[in-house]
Amino acid sequence: MKLKTLLISGILCVSAASQVKAQFTLPDLPYAYDALAQAIDKKTMVIHHDKHHASYVTNLNAAIKGTAMETKSLEQILATVKSAPAAVRNNAGGHYNHSLFWKIMSPTATEPSAALVKAITKDFGSVDAFKTAFADSAAKRFGSGWAWLIVQNGKLKVSSTPNQDNPLMDVVAEKGTPILALDVWEHAYYLRYQNKRADYISSWWKVVNWKEVENLFDQAKK
């Protein structure tokens, strides 16, 4: 019987007869490896995407093979990781986090729209105050982890998580919908910045894709 395949949102759905299974796939970068060179070098991007992210996808597929999670979306898996094996939690988080991370960066300089600036100012006092809070959250995350801008009960809030946890998981204290994410694992910056995480954070603002952040913000409000 001929198989039909459909690629949707990083998931390859394969249907044959009465059996339906989902296979997560590595999304392509939306730009060239060297496109973010003003903040992140080409070699780091190649290793980060082709090795680290690819490993999370491979390991996630292996971890859910033969279980009910094979037919669940990534968001559904994240919402119930408290009862899942550590391999599912770590690799599902790694896949989601990195898929978002690539999307909210761009080689083309952008600025927050008036509507987004208004929302940020309402909840943080100013855009500069938000950036300070976000950078502080990223800098103070001990060891490996992520800094987030989330929508929580209709308001914007900064948070951080260890390892590959994220605000969609049922194991975190600060739950919400992520609209901006910064990877502060050393593999994300060490080749260029070594131990200078603060310099990496400062440079990273140059490549934030504010148009995508606003798009995610609008979706989160619905």
# chains A, B, ... in the order shown; residues from 1 in each chain; ligands from 1

$ residues_around --residues "range 144-158 of chain A" --least-positions-apart "3" --cutoff "7 Å" --atoms "only C-alpha atoms" --output "PDB file with all heavy atoms, in the first residue's frame"
ATOM      1  N   ILE A 120       4.704  45.786  26.602  1.00  0.00           N
ATOM      2  CA  ILE A 120       5.904  45.616  27.425  1.00  0.00           C
ATOM      3  C   ILE A 120       5.985  46.713  28.478  1.00  0.00           C
ATOM      4  O   ILE A 120       6.287  46.457  29.654  1.00  0.00           O
ATOM      5  CB  ILE A 120       7.169  45.613  26.545  1.00  0.00           C
ATOM      6  CG1 ILE A 120       7.206  44.344  25.683  1.00  0.00           C
ATOM      7  CG2 ILE A 120       8.428  45.723  27.406  1.00  0.00           C
ATOM      8  CD1 ILE A 120       8.332  44.329  24.667  1.00  0.00           C
ATOM      9  N   ASP A 123       3.653  46.219  31.487  1.00  0.00           N
ATOM     10  CA  ASP A 123       3.999  45.195  32.473  1.00  0.00           C
ATOM     11  C   ASP A 123       5.397  45.322  33.068  1.00  0.00           C
ATOM     12  O   ASP A 123       5.674  44.737  34.124  1.00  0.00           O
ATOM     13  CB  ASP A 123       3.843  43.803  31.852  1.00  0.00           C
ATOM     14  CG  ASP A 123       2.392  43.461  31.547  1.00  0.00           C
ATOM     15  OD1 ASP A 123       1.511  43.873  32.325  1.00  0.00           O
ATOM     16  OD2 ASP A 123       2.130  42.795  30.529  1.00  0.00           O
ATOM     17  N   PHE A 134      15.150  40.662  31.661  1.00  0.00           N
ATOM     18  CA  PHE A 134      15.359  39.447  30.872  1.00  0.00           C
ATOM     19  C   PHE A 134      16.835  39.049  30.889  1.00  0.00           C
ATOM     20  O   PHE A 134      17.174  37.879  31.113  1.00  0.00           O
ATOM     21  CB  PHE A 134      14.893  39.677  29.437  1.00  0.00           C
ATOM     22  CG  PHE A 134      14.909  38.446  28.575  1.00  0.00           C
ATOM     23  CD1 PHE A 134      13.777  37.648  28.461  1.00  0.00           C
ATOM     24  CD2 PHE A 134      16.041  38.079  27.861  1.00  0.00           C
ATOM     25  CE1 PHE A 134      13.782  36.508  27.660  1.00  0.00           C
ATOM     26  CE2 PHE A 134      16.059  36.940  27.070  1.00  0.00           C
ATOM     27  CZ  PHE A 134      14.921  36.152  26.968  1.00  0.00           C
ATOM     28  N   SER A 137      17.801  37.647  34.206  1.00  0.00           N
ATOM     29  CA  SER A 137      17.312  36.285  34.352  1.00  0.00           C
ATOM     30  C   SER A 137      18.220  35.302  33.628  1.00  0.00           C
ATOM     31  O   SER A 137      18.531  34.220  34.147  1.00  0.00           O
ATOM     32  CB  SER A 137      15.880  36.180  33.799  1.00  0.00           C
ATOM     33  OG  SER A 137      15.380  34.866  33.905  1.00  0.00           O
ATOM     34  N   ALA A 138      18.664  35.677  32.431  1.00  0.00           N
ATOM     35  CA  ALA A 138      19.551  34.815  31.650  1.00  0.00           C
ATOM     36  C   ALA A 138      20.925  34.695  32.293  1.00  0.00           C
ATOM     37  O   ALA A 138      21.513  33.616  32.355  1.00  0.00           O
ATOM     38  CB  ALA A 138      19.678  35.370  30.231  1.00  0.00           C
ATOM     39  N   ARG A 141      20.891  32.498  35.613  1.00  0.00           N
ATOM     40  CA  ARG A 141      20.513  31.090  35.539  1.00  0.00           C
ATOM     41  C   ARG A 141      21.770  30.252  35.764  1.00  0.00           C
ATOM     42  O   ARG A 141      22.677  30.230  34.964  1.00  0.00           O
ATOM     43  CB  ARG A 141      19.883  30.779  34.176  1.00  0.00           C
ATOM     44  CG  ARG A 141      19.739  29.306  33.807  1.00  0.00           C
ATOM     45  CD  ARG A 141      19.136  28.435  34.861  1.00  0.00           C
ATOM     46  NE  ARG A 141      17.811  28.847  35.313  1.00  0.00           N
ATOM     47  CZ  ARG A 141      17.188  28.286  36.333  1.00  0.00           C
ATOM     48  NH1 ARG A 141      17.776  27.294  37.026  1.00  0.00           N
ATOM     49  NH2 ARG A 141      16.001  28.708  36.706  1.00  0.00           N
ATOM     50  N   THR A 161      14.304  28.741  33.284  1.00  0.00           N
ATOM     51  CA  THR A 161      14.178  27.324  33.620  1.00  0.00           C
ATOM     52  C   THR A 161      15.532  26.642  33.482  1.00  0.00           C
ATOM     53  O   THR A 161      16.373  27.074  32.697  1.00  0.00           O
ATOM     54  CB  THR A 161      13.184  26.607  32.687  1.00  0.00           C
ATOM     55  OG1 THR A 161      13.591  26.803  31.319  1.00  0.00           O
ATOM     56  CG2 THR A 161      11.769  27.119  32.882  1.00  0.00           C
ATOM     57  N   PRO A 162      15.754  25.568  34.238  1.00  0.00           N
ATOM     58  CA  PRO A 162      17.009  24.822  34.125  1.00  0.00           C
ATOM     59  C   PRO A 162      16.967  23.843  32.958  1.00  0.00           C
ATOM     60  O   PRO A 162      15.893  23.460  32.481  1.00  0.00           O
ATOM     61  CB  PRO A 162      17.091  24.076  35.453  1.00  0.00           C
ATOM     62  CG  PRO A 162      15.647  23.802  35.782  1.00  0.00           C
ATOM     63  CD  PRO A 162      14.903  25.036  35.314  1.00  0.00           C
ATOM     64  N   ASN A 163      18.141  23.460  32.506  1.00  0.00           N
ATOM     65  CA  ASN A 163      18.278  22.401  31.498  1.00  0.00           C
ATOM     66  C   ASN A 163      17.402  22.669  30.272  1.00  0.00           C
ATOM     67  O   ASN A 163      17.465  23.748  29.710  1.00  0.00           O
ATOM     68  CB  ASN A 163      17.985  21.055  32.143  1.00  0.00           C
ATOM     69  CG  ASN A 163      18.884  20.815  33.349  1.00  0.00           C
ATOM     70  OD1 ASN A 163      20.085  21.059  33.296  1.00  0.00           O
ATOM     71  ND2 ASN A 163      18.300  20.364  34.455  1.00  0.00           N
ATOM     72  N   GLN A 164      16.555  21.698  29.864  1.00  0.00           N
ATOM     73  CA  GLN A 164      15.675  21.923  28.723  1.00  0.00           C
ATOM     74  C   GLN A 164      14.210  22.045  29.139  1.00  0.00           C
ATOM     75  O   GLN A 164      13.305  21.847  28.329  1.00  0.00           O
ATOM     76  CB  GLN A 164      15.842  20.784  27.702  1.00  0.00           C
ATOM     77  CG  GLN A 164      17.212  20.722  27.050  1.00  0.00           C
ATOM     78  CD  GLN A 164      17.539  21.959  26.223  1.00  0.00           C
ATOM     79  OE1 GLN A 164      16.670  22.796  25.944  1.00  0.00           O
ATOM     80  NE2 GLN A 164      18.798  22.087  25.829  1.00  0.00           N
ATOM     81  N   LYS A 175       4.402  28.893  34.864  1.00  0.00           N
ATOM     82  CA  LYS A 175       3.861  28.388  33.618  1.00  0.00           C
ATOM     83  C   LYS A 175       3.313  29.542  32.779  1.00  0.00           C
ATOM     84  O   LYS A 175       2.868  30.563  33.303  1.00  0.00           O
ATOM     85  CB  LYS A 175       2.763  27.365  33.890  1.00  0.00           C
ATOM     86  CG  LYS A 175       3.257  26.097  34.570  1.00  0.00           C
ATOM     87  CD  LYS A 175       2.149  25.092  34.768  1.00  0.00           C
ATOM     88  CE  LYS A 175       1.645  24.568  33.435  1.00  0.00           C
ATOM     89  NZ  LYS A 175       0.615  23.514  33.598  1.00  0.00           N
ATOM     90  N   GLY A 176       3.346  29.381  31.468  1.00  0.00           N
ATOM     91  CA  GLY A 176       2.844  30.395  30.565  1.00  0.00           C
ATOM     92  C   GLY A 176       3.163  30.026  29.132  1.00  0.00           C
ATOM     93  O   GLY A 176       3.743  28.966  28.866  1.00  0.00           O
ATOM     94  N   THR A 177       2.801  30.905  28.212  1.00  0.00           N
ATOM     95  CA  THR A 177       3.074  30.678  26.796  1.00  0.00           C
ATOM     96  C   THR A 177       4.333  31.431  26.391  1.00  0.00           C
ATOM     97  O   THR A 177       4.373  32.664  26.468  1.00  0.00           O
ATOM     98  CB  THR A 177       1.902  31.165  25.932  1.00  0.00           C
ATOM     99  OG1 THR A 177       0.707  30.498  26.350  1.00  0.00           O
ATOM    100  CG2 THR A 177       2.165  30.879  24.463  1.00  0.00           C
ATOM    101  N   PRO A 178       5.377  30.736  25.968  1.00  0.00           N
ATOM    102  CA  PRO A 178       6.631  31.404  25.596  1.00  0.00           C
ATOM    103  C   PRO A 178       6.494  32.200  24.306  1.00  0.00           C
ATOM    104  O   PRO A 178       5.918  31.719  23.326  1.00  0.00           O
ATOM    105  CB  PRO A 178       7.611  30.234  25.399  1.00  0.00           C
ATOM    106  CG  PRO A 178       6.972  29.061  26.066  1.00  0.00           C
ATOM    107  CD  PRO A 178       5.493  29.276  25.915  1.00  0.00           C
ATOM    108  N   ILE A 179       7.027  33.425  24.298  1.00  0.00           N
ATOM    109  CA  ILE A 179       7.057  34.213  23.061  1.00  0.00           C
ATOM    110  C   ILE A 179       8.472  34.698  22.737  1.00  0.00           C
ATOM    111  O   ILE A 179       8.710  35.221  21.658  1.00  0.00           O
ATOM    112  CB  ILE A 179       6.082  35.416  23.129  1.00  0.00           C
ATOM    113  CG1 ILE A 179       6.490  36.414  24.207  1.00  0.00           C
ATOM    114  CG2 ILE A 179       4.657  34.933  23.362  1.00  0.00           C
ATOM    115  CD1 ILE A 179       5.679  37.718  24.162  1.00  0.00           C
ATOM    116  N   LEU A 180       9.397  34.518  23.674  1.00  0.00           N
ATOM    117  CA  LEU A 180      10.795  34.872  23.451  1.00  0.00           C
ATOM    118  C   LEU A 180      11.641  33.950  24.318  1.00  0.00           C
ATOM    119  O   LEU A 180      11.293  33.696  25.475  1.00  0.00           O
ATOM    120  CB  LEU A 180      11.061  36.334  23.832  1.00  0.00           C
ATOM    121  CG  LEU A 180      12.475  36.884  23.577  1.00  0.00           C
ATOM    122  CD1 LEU A 180      12.782  36.924  22.085  1.00  0.00           C
ATOM    123  CD2 LEU A 180      12.643  38.270  24.185  1.00  0.00           C
ATOM    124  N   ALA A 181      12.733  33.445  23.759  1.00  0.00           N
ATOM    125  CA  ALA A 181      13.563  32.490  24.493  1.00  0.00           C
ATOM    126  C   ALA A 181      15.032  32.723  24.192  1.00  0.00           C
ATOM    127  O   ALA A 181      15.410  33.028  23.055  1.00  0.00           O
ATOM    128  CB  ALA A 181      13.179  31.061  24.101  1.00  0.00           C
ATOM    129  N   LEU A 182      15.857  32.568  25.216  1.00  0.00           N
ATOM    130  CA  LEU A 182      17.312  32.673  25.038  1.00  0.00           C
ATOM    131  C   LEU A 182      17.977  31.455  25.651  1.00  0.00           C
ATOM    132  O   LEU A 182      17.808  31.168  26.840  1.00  0.00           O
ATOM    133  CB  LEU A 182      17.855  33.948  25.680  1.00  0.00           C
ATOM    134  CG  LEU A 182      19.376  34.116  25.623  1.00  0.00           C
ATOM    135  CD1 LEU A 182      19.877  34.083  24.178  1.00  0.00           C
ATOM    136  CD2 LEU A 182      19.800  35.425  26.288  1.00  0.00           C
ATOM    137  N   ASP A 183      18.726  30.745  24.838  1.00  0.00           N
ATOM    138  CA  ASP A 183      19.463  29.561  25.262  1.00  0.00           C
ATOM    139  C   ASP A 183      20.750  30.008  25.946  1.00  0.00           C
ATOM    140  O   ASP A 183      21.591  30.669  25.334  1.00  0.00           O
ATOM    141  CB  ASP A 183      19.792  28.717  24.025  1.00  0.00           C
ATOM    142  CG  ASP A 183      20.389  27.359  24.366  1.00  0.00           C
ATOM    143  OD1 ASP A 183      20.807  27.158  25.516  1.00  0.00           O
ATOM    144  OD2 ASP A 183      20.449  26.507  23.458  1.00  0.00           O
ATOM    145  N   VAL A 184      20.944  29.643  27.208  1.00  0.00           N
ATOM    146  CA  VAL A 184      22.181  29.994  27.909  1.00  0.00           C
ATOM    147  C   VAL A 184      22.983  28.752  28.297  1.00  0.00           C
ATOM    148  O   VAL A 184      23.787  28.789  29.230  1.00  0.00           O
ATOM    149  CB  VAL A 184      21.917  30.888  29.141  1.00  0.00           C
ATOM    150  CG1 VAL A 184      21.435  32.254  28.699  1.00  0.00           C
ATOM    151  CG2 VAL A 184      20.927  30.258  30.112  1.00  0.00           C
ATOM    152  N   TRP A 185      22.752  27.646  27.583  1.00  0.00           N
ATOM    153  CA  TRP A 185      23.687  26.526  27.694  1.00  0.00           C
ATOM    154  C   TRP A 185      25.016  26.984  27.097  1.00  0.00           C
ATOM    155  O   TRP A 185      25.050  27.773  26.142  1.00  0.00           O
ATOM    156  CB  TRP A 185      23.178  25.328  26.892  1.00  0.00           C
ATOM    157  CG  TRP A 185      22.098  24.528  27.542  1.00  0.00           C
ATOM    158  CD1 TRP A 185      20.854  24.972  27.899  1.00  0.00           C
ATOM    159  CD2 TRP A 185      22.160  23.138  27.892  1.00  0.00           C
ATOM    160  NE1 TRP A 185      20.123  23.938  28.450  1.00  0.00           N
ATOM    161  CE2 TRP A 185      20.909  22.800  28.465  1.00  0.00           C
ATOM    162  CE3 TRP A 185      23.143  22.161  27.776  1.00  0.00           C
ATOM    163  CZ2 TRP A 185      20.620  21.523  28.914  1.00  0.00           C
ATOM    164  CZ3 TRP A 185      22.849  20.879  28.216  1.00  0.00           C
ATOM    165  CH2 TRP A 185      21.607  20.571  28.782  1.00  0.00           C
ATOM    166  N   GLU A 186      26.123  26.501  27.610  1.00  0.00           N
ATOM    167  CA  GLU A 186      27.422  26.942  27.102  1.00  0.00           C
ATOM    168  C   GLU A 186      27.617  26.613  25.630  1.00  0.00           C
ATOM    169  O   GLU A 186      28.307  27.337  24.907  1.00  0.00           O
ATOM    170  CB  GLU A 186      28.557  26.347  27.940  1.00  0.00           C
ATOM    171  CG  GLU A 186      28.680  26.990  29.313  1.00  0.00           C
ATOM    172  CD  GLU A 186      29.926  26.543  30.059  1.00  0.00           C
ATOM    173  OE1 GLU A 186      30.509  25.496  29.677  1.00  0.00           O
ATOM    174  OE2 GLU A 186      30.305  27.226  31.018  1.00  0.00           O
ATOM    175  N   ALA A 220      -0.862  34.116  21.589  1.00  0.00           N
ATOM    176  CA  ALA A 220      -1.003  33.762  23.010  1.00  0.00           C
ATOM    177  C   ALA A 220      -2.189  34.470  23.656  1.00  0.00           C
ATOM    178  O   ALA A 220      -2.769  33.968  24.622  1.00  0.00           O
ATOM    179  CB  ALA A 220       0.283  34.103  23.759  1.00  0.00           C
ATOM    180  N   LYS A 221      -2.553  35.627  23.138  1.00  0.00           N
ATOM    181  CA  LYS A 221      -3.654  36.400  23.711  1.00  0.00           C
ATOM    182  C   LYS A 221      -5.012  35.866  23.315  1.00  0.00           C
ATOM    183  O   LYS A 221      -6.015  36.184  23.959  1.00  0.00           O
ATOM    184  CB  LYS A 221      -3.537  37.870  23.297  1.00  0.00           C
ATOM    185  CG  LYS A 221      -2.365  38.610  23.911  1.00  0.00           C
ATOM    186  CD  LYS A 221      -2.428  40.093  23.588  1.00  0.00           C
ATOM    187  CE  LYS A 221      -2.327  40.356  22.097  1.00  0.00           C
ATOM    188  NZ  LYS A 221      -2.374  41.804  21.776  1.00  0.00           N
TER     189      LYS A 221
END

$ select_by_dssp --residues "range 1-221 of chain A" --states "alpha helix (DSSP H)" --output "VMD selection string"
chain A and resid 42 to 47 54 to 64 74 to 78 86 to 103 114 to 124 127 to 140 190 to 193 197 to 204 210 to 221

$ atom_distance --atom1 "CA of Ala133 in chain A" --atom2 "CA of Arg89 in chain A"
27.1 Å

$ closest_residue --among "A:Ala32, A:Thr25, A:His49, A:Gly66" --to "Ala188 in chain A" --atoms "only C-alpha atoms"
A:His49

$ atom_distance --atom1 "CA of Lys103 in chain A" --atom2 "CA of Lys222 in chain A"
20.2 Å

$ atom_distance --atom1 "CA of His52 in chain A" --atom2 "CA of Pro27 in chain A"
12.7 Å

$ closest_residue --among "A:Gln23, A:His187, A:Ala135, A:Ser126" --to "Ser73 in chain A" --atoms "only C-alpha atoms"
A:Gln23

$ closest_atom_pairs --of "range 77-183 of chain A" --to "range 207-216 of chain A" --cutoff "8 Å" --atoms "only C-alpha atoms" --output "tab-separated table"
residue	atom	partner	partner_atom	distance
A:Lys103	CA	A:Glu212	CA	7.1
A:Ile104	CA	A:Asn209	CA	4.9
A:Met105	CA	A:Val208	CA	4.6
A:Ser106	CA	A:Asn209	CA	5.1
A:Pro107	CA	A:Val207	CA	5.9
A:Thr108	CA	A:Val207	CA	7.2
A:Ala109	CA	A:Val207	CA	6.4
A:Thr110	CA	A:Trp210	CA	5.9
A:Glu111	CA	A:Trp210	CA	5.8
A:Pro112	CA	A:Trp210	CA	5.3
A:Ser113	CA	A:Glu214	CA	7.7
A:Leu116	CA	A:Glu214	CA	6.4
A:Pro178	CA	A:Leu216	CA	8.0
A:Ile179	CA	A:Leu216	CA	5.3
A:Leu180	CA	A:Val213	CA	6.2

$ write_last_selection --atoms "N, CA, C and O atoms" --output "mmCIF file, in the first residue's frame"
data_model
loop_
_atom_site.group_PDB
_atom_site.id
_atom_site.type_symbol
_atom_site.label_atom_id
_atom_site.label_comp_id
_atom_site.auth_asym_id
_atom_site.auth_seq_id
_atom_site.Cartn_x
_atom_site.Cartn_y
_atom_site.Cartn_z
ATOM 1 N N LYS A 103 13.325 30.374 15.432
ATOM 2 C CA LYS A 103 12.297 31.227 14.853
ATOM 3 C C LYS A 103 12.342 32.660 15.358
ATOM 4 O O LYS A 103 11.981 33.586 14.620
ATOM 5 N N ILE A 104 12.754 32.852 16.611
ATOM 6 C CA ILE A 104 12.696 34.209 17.154
ATOM 7 C C ILE A 104 14.011 34.960 16.953
ATOM 8 O O ILE A 104 14.252 35.979 17.604
ATOM 9 N N MET A 105 14.818 34.477 16.001
ATOM 10 C CA MET A 105 16.019 35.218 15.606
ATOM 11 C C MET A 105 15.969 35.487 14.110
ATOM 12 O O MET A 105 15.358 34.737 13.353
ATOM 13 N N SER A 106 16.624 36.565 13.692
ATOM 14 C CA SER A 106 16.605 36.960 12.288
ATOM 15 C C SER A 106 17.856 37.750 11.945
ATOM 16 O O SER A 106 18.347 38.535 12.766
ATOM 17 N N PRO A 107 18.400 37.564 10.731
ATOM 18 C CA PRO A 107 19.561 38.355 10.315
ATOM 19 C C PRO A 107 19.185 39.795 9.971
ATOM 20 O O PRO A 107 20.047 40.664 9.876
ATOM 21 N N THR A 108 17.890 40.036 9.802
ATOM 22 C CA THR A 108 17.406 41.379 9.471
ATOM 23 C C THR A 108 17.017 42.104 10.752
ATOM 24 O O THR A 108 16.206 41.594 11.546
ATOM 25 N N ALA A 109 17.570 43.256 10.957
ATOM 26 C CA ALA A 109 17.298 44.027 12.171
ATOM 27 C C ALA A 109 15.826 44.427 12.233
ATOM 28 O O ALA A 109 15.247 44.887 11.248
ATOM 29 N N THR A 110 15.219 44.212 13.378
ATOM 30 C CA THR A 110 13.823 44.592 13.591
ATOM 31 C C THR A 110 13.692 45.298 14.932
ATOM 32 O O THR A 110 14.582 45.218 15.778
ATOM 33 N N GLU A 111 12.577 45.960 15.115
ATOM 34 C CA GLU A 111 12.282 46.641 16.366
ATOM 35 C C GLU A 111 10.877 46.267 16.818
ATOM 36 O O GLU A 111 10.021 45.958 15.991
ATOM 37 N N PRO A 112 10.622 46.277 18.112
ATOM 38 C CA PRO A 112 9.257 45.986 18.582
ATOM 39 C C PRO A 112 8.273 47.007 18.018
ATOM 40 O O PRO A 112 8.586 48.195 17.918
ATOM 41 N N SER A 113 7.099 46.538 17.618
ATOM 42 C CA SER A 113 6.070 47.435 17.109
ATOM 43 C C SER A 113 5.530 48.298 18.232
ATOM 44 O O SER A 113 5.772 48.037 19.418
ATOM 45 N N LEU A 116 3.484 46.230 20.646
ATOM 46 C CA LEU A 116 4.271 45.393 21.550
ATOM 47 C C LEU A 116 4.985 46.246 22.587
ATOM 48 O O LEU A 116 5.076 45.861 23.765
ATOM 49 N N PRO A 178 5.377 30.736 25.968
ATOM 50 C CA PRO A 178 6.631 31.404 25.596
ATOM 51 C C PRO A 178 6.494 32.200 24.306
ATOM 52 O O PRO A 178 5.918 31.719 23.326
ATOM 53 N N ILE A 179 7.027 33.425 24.298
ATOM 54 C CA ILE A 179 7.057 34.213 23.061
ATOM 55 C C ILE A 179 8.472 34.698 22.737
ATOM 56 O O ILE A 179 8.710 35.221 21.658
ATOM 57 N N LEU A 180 9.397 34.518 23.674
ATOM 58 C CA LEU A 180 10.795 34.872 23.451
ATOM 59 C C LEU A 180 11.641 33.950 24.318
ATOM 60 O O LEU A 180 11.293 33.696 25.475
#

$ closest_residue --among "A:Ala92, A:Ala114, A:Val46, A:Val171" --to "Val127 in chain A" --atoms "only C-alpha atoms"
A:Ala114
